[in-house]
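To start, the structure itself, in structure tokens.
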Amino acid sequence: MPVGEKDRRVLRDLARKVAEAAALPVQAERTRLWRDFNALRPRRPMVLAFPEGGWRDLVGESQLQCEDPALRRWELGLRRQIFHVEHVNDDRPVTDFFNVRWSVDRGDYGVRETYTRADPLGSHVWDPPIKTPADFEKLRLPTITVDRQATARSAELAEEVLGDILRVRVHGSMWWTVGLTWTLIRLRGLDQMMLDTYDDPAFLHRLMGFLRDALLYEIETLQDEGVLSLNNGPDDYVGSGALGCTDELPAEDFGGTVRIEDLWGLAESQETVGVSPAQFEEFVLPYQLPLANRFGLLCYGCCEPVDRRLDMLMAQIPRLRRVSVSPWSDRAVAAEKLADRYVYSWKPNPTMICAPTVDWDAVERATRETLEIAKGCCLEMVMKDTHTFQGDPTRPGRWVEIASRLAGA
């Protein structure tokens, strides 16, 4: 499609700023730090901040200048990269890649839930479609369609507009987690899932078996279609808030076509935080393992406290490398069990910098406490799950400054 002169000028000016940042020597140093860190040879604790929903307070739609809707999405991504460089300045390396995602329709499982939302990032309710065991018969494997022509058109457009400034590539993740339980509660409902553990455990096992097989089918189909991308680069987001930079992937026999074993993966089960370790080991972990253990390296956990599950995870996931230590985790138990054998991915409570007022002394105390608790661990400090900064765009950068100073960066 033709690109208007204004849109072209806006995108190219932003791309030049990203390219200038990517050429700075600090980016190569950060990349070296991450390669050592992910190999469990940390030179210091690493610091990351992902504004997520809080981007609305930093770089929002009102700041965009492009007129074409598709190009506005590209502009938003470039502006956010630049803001991150200029005002957040954490340990995330900036690269000169411009990523175009594959155009893929993942289909559904034959049923769809209905949502009622007050706000895209706020609370919501939904009507789960699997209400009785008889509804199981409605489930089917998804139909996955790769639109190669649409993908090629986007890549060609990006190359034409930006290719002399940034390296355009078709690249990006096709899924987030192989944890299964988020899909489970969407289909069955959270309350009903909890009741099923007692009232109808056989049906819960049947559902989890279907979800395991369906997700494995999806991932293997994407693999066979040749649309998976390596996630071992300095700017590749992996897990529930980390960077995948490593020399350990892809696998030694990699031949150019990306396979599951060439990738970082993530598993988590935030929805089962209210079940016992024994129930988790019965109803969740056995169905995650055939997926989780296909990956070359694995991250586990997100917001759920995993300290009561660590022993079984470490025993049954041989390529486990990174564990999320959420605000609800026992930091000391996690430090004792993870030691220097896994990445200790600490997620501070985001409300500390999202509340109407911030107690920066408390932020510093919490950071010092974690550094002391996790001494000797391969520690990363990751601020995420922030959905507002109360209109104050300085907050993520100030948190990074405190964490980096205390980490010795």
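Here's how to read the names in the structure tokens: chain A, B, ... by the order shown, residue numbers from 1 in each chain, ligand numbers from 1 in the order shown.
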
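Of the residues in stretch 111-231 of chain A, those given strand (DSSP E) by DSSP on the backbone are Thr114, Tyr115, Thr116, Arg117, His124, Val125, Trp126, Asp127, Thr145, Val146, Arg167, Val168, Arg169 and Val170 of chain A.
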
Mind dumping a table of every stretch 113-174 of chain A residue within 6 Å of stretch 78-102 of chain A, with the nearest atom pair and its distance in Å to one decimal, using only C-alpha atoms, sorted by chain and rising number, as a tab-separated table?
```
residue	atom	partner	partner_atom	distance
A:Thr151	CA	A:Trp102	CA	5.5
A:Leu166	CA	A:Asp96	CA	5.2
A:Arg167	CA	A:Phe97	CA	4.6
A:Val168	CA	A:Phe98	CA	4.7
A:Arg169	CA	A:Asn99	CA	5.2
A:Val170	CA	A:Val100	CA	4.7
A:His171	CA	A:Arg101	CA	5.4
A:Gly172	CA	A:Arg101	CA	5.5
```

Requested write-out: N, CA and C atoms of the selected residues, as a short mmCIF file (atom, residue, chain, number, x, y, z; two decimals), in the first residue's frame:
```cif
data_model
loop_
_atom_site.label_atom_id
_atom_site.label_comp_id
_atom_site.auth_asym_id
_atom_site.auth_seq_id
_atom_site.Cartn_x
_atom_site.Cartn_y
_atom_site.Cartn_z
N THR A 151 1.61 -11.56 5.59
CA THR A 151 2.89 -11.39 6.28
C THR A 151 3.93 -10.79 5.34
N LEU A 166 16.72 0.28 9.77
CA LEU A 166 16.63 -0.85 10.70
C LEU A 166 16.59 -2.15 9.92
N ARG A 167 16.97 -3.25 10.59
CA ARG A 167 16.96 -4.57 9.96
C ARG A 167 15.58 -5.18 10.12
N VAL A 168 14.82 -5.23 9.05
CA VAL A 168 13.46 -5.75 9.08
C VAL A 168 13.51 -7.28 9.07
N ARG A 169 12.72 -7.89 9.92
CA ARG A 169 12.64 -9.35 9.93
C ARG A 169 11.23 -9.76 10.36
N VAL A 170 10.80 -10.94 9.92
CA VAL A 170 9.55 -11.53 10.40
C VAL A 170 9.91 -12.33 11.64
N HIS A 171 9.37 -11.91 12.78
CA HIS A 171 9.88 -12.43 14.05
C HIS A 171 8.85 -12.16 15.14
N GLY A 172 8.72 -13.10 16.05
CA GLY A 172 7.84 -12.88 17.19
C GLY A 172 7.31 -14.18 17.75
#
```

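Nearest residue to A:Cys66, choosing from A:Arg294, A:Thr197, A:Arg16, A:Val3 and counting only C-alpha atoms: A:Val3.
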
Residues at most 8 Å from stretch 386-401 of chain A, counting only C-alpha atoms, excluding those fewer than 6 positions away in the same chain, as a ChimeraX atom specification?
/A:47-58,87-90,121,350-351,353-356,363

Residue neighbourhood stretch 274-277 of chain A, 8 Å, only C-alpha atoms, exclusion window fewer than 5 positions, as a list in words
Met194, Arg308 and Arg309 of chain A

Write out as a ChimeraX atom specification which residues come within 8 Å of stretch 226-229 of chain A when counting only C-alpha atoms, dropping same-chain ones fewer than 2 positions away.
/A:102,171-174,222-224,231,257-259

Please produce a file of the residues just selected, as a short mmCIF file (atom, residue, chain, number, x, y, z; two decimals), in the first residue's frame, where the atoms kept are C-alpha atoms.
```cif
data_model
loop_
_atom_site.label_atom_id
_atom_site.label_comp_id
_atom_site.auth_asym_id
_atom_site.auth_seq_id
_atom_site.Cartn_x
_atom_site.Cartn_y
_atom_site.Cartn_z
CA TRP A 102 3.50 -13.54 11.26
CA HIS A 171 9.88 -12.43 14.05
CA GLY A 172 7.84 -12.88 17.19
CA SER A 173 6.37 -15.29 19.68
CA MET A 174 3.27 -17.33 18.83
CA LEU A 222 3.22 -23.82 14.02
CA GLN A 223 6.57 -25.62 14.06
CA ASP A 224 5.68 -27.62 10.96
CA ASN A 231 13.92 -16.24 21.21
CA THR A 257 14.15 -24.36 10.94
CA VAL A 258 13.10 -23.43 14.46
CA ARG A 259 11.76 -26.27 16.57
#
```

What are the nearest atom pairs, with distances in Å to one decimal, for all residues of stretch 166-202 of chain A that come at most 9 Å from stretch 282-292 of chain A, using only C-alpha atoms, set out by chain and rising residue number as a Markdown table?
```
| residue | atom | partner | partner_atom | distance |
| --- | --- | --- | --- | --- |
| A:Val178 | CA | A:Leu291 | CA | 6.6 |
| A:Gly179 | CA | A:Gln288 | CA | 6.1 |
| A:Leu180 | CA | A:Gln288 | CA | 7.1 |
| A:Thr181 | CA | A:Val284 | CA | 7.6 |
| A:Thr197 | CA | A:Phe283 | CA | 7.9 |
| A:Pro201 | CA | A:Phe283 | CA | 8.3 |
```

May I ask which of the residues A:Glu67, A:Glu268, A:Asp385, A:Asp108 is the closest one to A:Gly241, counting only C-alpha atoms?
A:Asp385

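Those residues that approach stretch 325-330 of chain A to within 8 Å, counting only C-alpha atoms, are Gly301, Cys302, Cys303, Glu304, Pro305, Val306, Asp307, Ala334, Tyr344, Ser345, Trp346, Lys347, Pro348 and Asn349 of chain A; same-chain residues fewer than 4 positions away are not listed.
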
The selected residues should be written to file as a tab-separated table (two decimals), in the first residue's frame (atoms: N, CA and C atoms).
```tsv
chain	number	residue	atom	x	y	z
A	301	GLY	N	6.48	-19.86	36.32
A	301	GLY	CA	5.83	-18.98	37.28
A	301	GLY	C	5.59	-17.59	36.75
A	302	CYS	N	4.59	-16.95	37.36
A	302	CYS	CA	4.29	-15.55	37.06
A	302	CYS	C	3.91	-14.88	38.37
A	303	CYS	N	2.64	-14.58	38.58
A	303	CYS	CA	2.24	-13.91	39.82
A	303	CYS	C	2.00	-14.87	40.98
A	304	GLU	N	1.83	-16.15	40.70
A	304	GLU	CA	1.55	-17.10	41.78
A	304	GLU	C	2.80	-17.35	42.61
A	305	PRO	N	2.64	-17.60	43.93
A	305	PRO	CA	3.79	-18.00	44.73
A	305	PRO	C	4.13	-19.46	44.43
A	306	VAL	N	5.34	-19.72	43.97
A	306	VAL	CA	5.71	-21.08	43.59
A	306	VAL	C	6.60	-21.75	44.63
A	307	ASP	N	6.84	-21.08	45.78
A	307	ASP	CA	7.80	-21.65	46.73
A	307	ASP	C	7.33	-23.00	47.26
A	334	ALA	N	12.48	-19.33	48.57
A	334	ALA	CA	12.91	-19.37	47.17
A	334	ALA	C	14.43	-19.28	47.06
A	344	TYR	N	16.81	-16.47	39.80
A	344	TYR	CA	15.86	-16.01	40.82
A	344	TYR	C	15.26	-14.71	40.26
A	345	SER	N	14.04	-14.81	39.70
A	345	SER	CA	13.42	-13.68	39.01
A	345	SER	C	12.44	-12.98	39.95
A	346	TRP	N	12.98	-12.00	40.70
A	346	TRP	CA	12.16	-11.32	41.70
A	346	TRP	C	11.28	-10.26	41.06
A	347	LYS	N	9.98	-10.32	41.39
A	347	LYS	CA	9.01	-9.34	40.91
A	347	LYS	C	8.53	-8.53	42.12
A	348	PRO	N	9.03	-7.31	42.31
A	348	PRO	CA	8.54	-6.49	43.41
A	348	PRO	C	7.05	-6.19	43.25
A	349	ASN	N	6.40	-5.88	44.35
A	349	ASN	CA	4.98	-5.54	44.28
A	349	ASN	C	4.80	-4.24	43.49
```

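Considering the residues A:Ala21, A:Leu139, A:Ala152, A:Val146 and counting only C-alpha atoms, A:Asp213 has its shortest atom-to-atom contact with A:Leu139.
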
Find the residues around A:Ala366 up to 10 Å (only C-alpha atoms counted), leave out those fewer than 3 positions away in its own chain, and share them as a PDB file with N, CA and C atoms, in the first residue's frame.
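Contents of the output file part_16.pdb:
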```
ATOM      1  N   PRO A 348       9.032  -7.310  42.310  1.00  0.00           N
ATOM      2  CA  PRO A 348       8.541  -6.492  43.414  1.00  0.00           C
ATOM      3  C   PRO A 348       7.051  -6.191  43.250  1.00  0.00           C
ATOM      4  N   ASN A 349       6.400  -5.875  44.348  1.00  0.00           N
ATOM      5  CA  ASN A 349       4.984  -5.535  44.284  1.00  0.00           C
ATOM      6  C   ASN A 349       4.800  -4.243  43.487  1.00  0.00           C
ATOM      7  N   MET A 352       3.777  -0.580  44.760  1.00  0.00           N
ATOM      8  CA  MET A 352       4.706   0.344  45.407  1.00  0.00           C
ATOM      9  C   MET A 352       4.948   1.578  44.553  1.00  0.00           C
ATOM     10  N   TRP A 360       9.292   6.243  48.362  1.00  0.00           N
ATOM     11  CA  TRP A 360      10.526   5.789  47.734  1.00  0.00           C
ATOM     12  C   TRP A 360      11.496   5.192  48.742  1.00  0.00           C
ATOM     13  N   ASP A 361      11.414   5.600  49.995  1.00  0.00           N
ATOM     14  CA  ASP A 361      12.246   4.973  51.030  1.00  0.00           C
ATOM     15  C   ASP A 361      11.842   3.518  51.219  1.00  0.00           C
ATOM     16  N   ALA A 362      10.531   3.250  51.160  1.00  0.00           N
ATOM     17  CA  ALA A 362      10.054   1.865  51.279  1.00  0.00           C
ATOM     18  C   ALA A 362      10.480   1.041  50.073  1.00  0.00           C
ATOM     19  N   VAL A 363      10.462   1.653  48.893  1.00  0.00           N
ATOM     20  CA  VAL A 363      10.935   0.962  47.695  1.00  0.00           C
ATOM     21  C   VAL A 363      12.395   0.559  47.868  1.00  0.00           C
ATOM     22  N   GLU A 369      16.324  -5.431  51.066  1.00  0.00           N
ATOM     23  CA  GLU A 369      15.956  -6.699  51.721  1.00  0.00           C
ATOM     24  C   GLU A 369      16.115  -7.874  50.763  1.00  0.00           C
ATOM     25  N   THR A 370      15.618  -7.706  49.535  1.00  0.00           N
ATOM     26  CA  THR A 370      15.711  -8.803  48.572  1.00  0.00           C
ATOM     27  C   THR A 370      17.161  -9.086  48.198  1.00  0.00           C
ATOM     28  N   LEU A 371      17.953  -8.059  48.016  1.00  0.00           N
ATOM     29  CA  LEU A 371      19.371  -8.264  47.712  1.00  0.00           C
ATOM     30  C   LEU A 371      20.064  -9.036  48.818  1.00  0.00           C
ATOM     31  N   GLU A 372      19.680  -8.784  50.049  1.00  0.00           N
ATOM     32  CA  GLU A 372      20.281  -9.514  51.176  1.00  0.00           C
ATOM     33  C   GLU A 372      19.758 -10.947  51.226  1.00  0.00           C
ATOM     34  N   ALA A 403      17.035   0.509  41.886  1.00  0.00           N
ATOM     35  CA  ALA A 403      17.420  -0.901  41.794  1.00  0.00           C
ATOM     36  C   ALA A 403      18.821  -1.050  41.192  1.00  0.00           C
TER      37      ALA A 403
END
```

Using the chain letters and numbers from this document, which residues of stretch 129-359 of chain A does DSSP assign to alpha helix (DSSP H), as a ChimeraX atom specification?
/A:148-162,181-188,190-199,201-224,277-283,285-292,310-316,331-338,351-354

Take atom CA of A:Met46 and atom CA of A:Met314 and report the distance between them in Å, one decimal.
22.8 Å
